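Below: one structure, written as structure tokens.
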Amino acid sequence: MSNRARSKTRLSRALGVALTPKAARILEKRPYAPGEHGRTKRKADSDYAVRLREKQRLRAQYGIREKQLRIAYNEAKRIDGQTGENLVELLEMRLDALVLRAGFARTIAQARQFVVHRHIVVDGKIVDRPSFRVKPGQHIGVKQRSEGTEPFQVAAAGGHVDVLPKTPGYLEVQIDKLEATLVRRPKRAEVPVTCDVQLVVEYYAAR
């Protein structure tokens, strides 16, 4: 296992959420924190520690920096509705997140790499910013010159279907054509992210 894969696995075990398909398999076998004291029962976490862990879980699942999450939180506060639900919905409309949900990539890191390396198009135009906010009605696809490369051939054949959650209702996907459309704004209940978003809101509200 590479250092990067090992790091993701350790982080997955520490946070109690699978960040990659490989981490999911290992978490099934070892559903406890890493390290020599991972199996032992720790003292109850403080309220701060519980909220911090939920915030870290959300960050890790989208693979974003603290500054990016804070910006999204501040925007979510300004929108009508519940801040926590708004936050997840905003994060879910990131281009890299939708590339993953559509099944074009196997992990959020791979999805981000595809975007940064200019393989992904939105409404026919190359977009190389993973944080790009996709709007309902916009189409996501793979650049024509990239469609024949091995990673996208695997994706088009449904190679990631067994390791990814079911395609959520806010996306229409034609995986064989490597095409997807965000048909509407995501709803928190549909987003395949493991996190108590209210605790994330409470974490930021206290700072």
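Residues in the structure tokens are numbered from 1 in each chain, the chains being A, B, ... in the order shown, and ligands are numbered from 1 in the order shown.
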Contact table range 172-207 of chain A vs range 67-89 of chain A, cut-off 8 Å, shortest pair per residue, only C-alpha atoms, as a Markdown table:
```
| residue | atom | partner | partner_atom | distance |
| --- | --- | --- | --- | --- |
| A:Arg185 | CA | A:Glu89 | CA | 7.3 |
| A:Pro186 | CA | A:Glu89 | CA | 5.6 |
| A:Lys187 | CA | A:Glu89 | CA | 6.3 |
| A:Arg188 | CA | A:Glu85 | CA | 5.5 |
| A:Val191 | CA | A:Val88 | CA | 7.8 |
| A:Val197 | CA | A:Gly84 | CA | 5.0 |
| A:Gln198 | CA | A:Gly84 | CA | 5.5 |
| A:Val200 | CA | A:Gly84 | CA | 7.3 |
| A:Val201 | CA | A:Gly84 | CA | 5.9 |
| A:Tyr204 | CA | A:Arg70 | CA | 8.0 |
```
Practice prompt. If you run DSSP over the backbone, which residues in range 72-117 of chain A end up helix (DSSP H, G or I)? Put them as JSON, numbers by chain.
Written response: {"A": [72, 73, 74, 75, 76, 77, 78, 83, 84, 85, 86, 87, 88, 89, 90, 91, 92, 95, 96, 97, 98, 99, 100, 101, 108, 109, 110, 111, 112, 113, 114, 115, 116]}
Would you mind exporting the chosen residues as a compact mmCIF listing (two decimals), in the first residue's frame, restricted to C-alpha atoms?
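Result file follows (part.txt):
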```txt
# COMPACT_ATOMS: atom_id res chain seq x y z
CA ALA A 72 -18.74 27.66 2.38
CA TYR A 73 -20.08 27.87 5.95
CA ASN A 74 -20.20 31.66 5.85
CA GLU A 75 -22.11 31.50 2.57
CA ALA A 76 -24.49 28.87 3.95
CA LYS A 77 -25.35 31.19 6.86
CA ARG A 78 -26.51 33.89 4.46
CA THR A 83 -27.27 26.44 7.75
CA GLY A 84 -26.06 22.84 8.05
CA GLU A 85 -28.20 21.60 5.18
CA ASN A 86 -27.22 24.61 3.08
CA LEU A 87 -23.55 23.88 3.76
CA VAL A 88 -23.70 20.29 2.49
CA GLU A 89 -25.76 21.32 -0.53
CA LEU A 90 -23.22 24.00 -1.49
CA LEU A 91 -20.31 21.56 -1.13
CA GLU A 92 -22.18 18.95 -3.15
CA LEU A 95 -17.55 20.17 -9.75
CA ASP A 96 -15.19 17.59 -8.22
CA ALA A 97 -17.96 16.24 -5.98
CA LEU A 98 -20.33 15.82 -8.93
CA VAL A 99 -17.65 14.15 -11.06
CA LEU A 100 -17.36 11.58 -8.26
CA ARG A 101 -21.12 11.16 -7.78
CA ILE A 108 -12.75 12.51 -4.57
CA ALA A 109 -8.98 12.86 -5.02
CA GLN A 110 -9.16 11.29 -8.48
CA ALA A 111 -12.14 13.50 -9.37
CA ARG A 112 -10.18 16.59 -8.39
CA GLN A 113 -7.20 15.41 -10.43
CA PHE A 114 -9.39 14.94 -13.50
CA VAL A 115 -10.67 18.50 -13.16
CA VAL A 116 -7.26 20.08 -12.52
```
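Of the listed residues A:Val134, A:Ile64, A:Val142, A:Leu19, the one whose atoms come nearest to His117 in chain A is A:Val142, with distances taken using only C-alpha atoms.
Restricting the calculation to only C-alpha atoms, the smallest distance between Arg51 in chain A and any of A:Phe132, A:Val122, A:Cys195, A:Gly103 is found for A:Cys195.
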Discussion item. So that I can check the surroundings of Arg184 in chain A, please list as a count of residues only every protein, DNA and RNA residue that reaches within 8 Å of it, counting only C-alpha atoms and ignoring chain neighbours fewer than 2 positions away.
Written reply: 7
Fill in: Between CA of His119 in chain A and CA of Val193 in chain A, distance in Å (one decimal)
25.1 Å
Item to complete: Between CA of Asp128 in chain A and CA of Lys55 in chain A, measure the distance and give it in Å to one decimal.
Response: 26.4 Å
Item to complete: Taking the chain letters and numbering used in this document, name the residues of range 19-185 of chain A that DSSP puts in strand (DSSP E), as a PyMOL selection string.
Response: chain A and resi 120-122+125-126+139-142+171-174+179-182
Discussion item. At a cut-off of 7 Å, using only C-alpha atoms, what residues contact Leu15 in chain A? Leave out same-chain residues fewer than 3 positions from it and give the result as a ChimeraX atom specification.
Written reply: /A:11-12,53,57
Item to complete: Quote the spacing between CA of Met93 in chain A and CA of Thr149 in chain A in Å to one decimal place.
Response: 25.8 Å
Fill in: Selected residue of minimal separation from Lys143 in chain A among A:Arg65, A:Arg106, A:His160, A:Arg118, counting only C-alpha atoms
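Checking each candidate against Lys143 in chain A, we get A:Arg118 as the closest.
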Fill in: Ala180 in chain A environment, 8 Å, only C-alpha atoms, sequence neighbours closer than 2 positions dropped, as number ranges by chain
A: 102, 139-141, 171-175, 178, 182
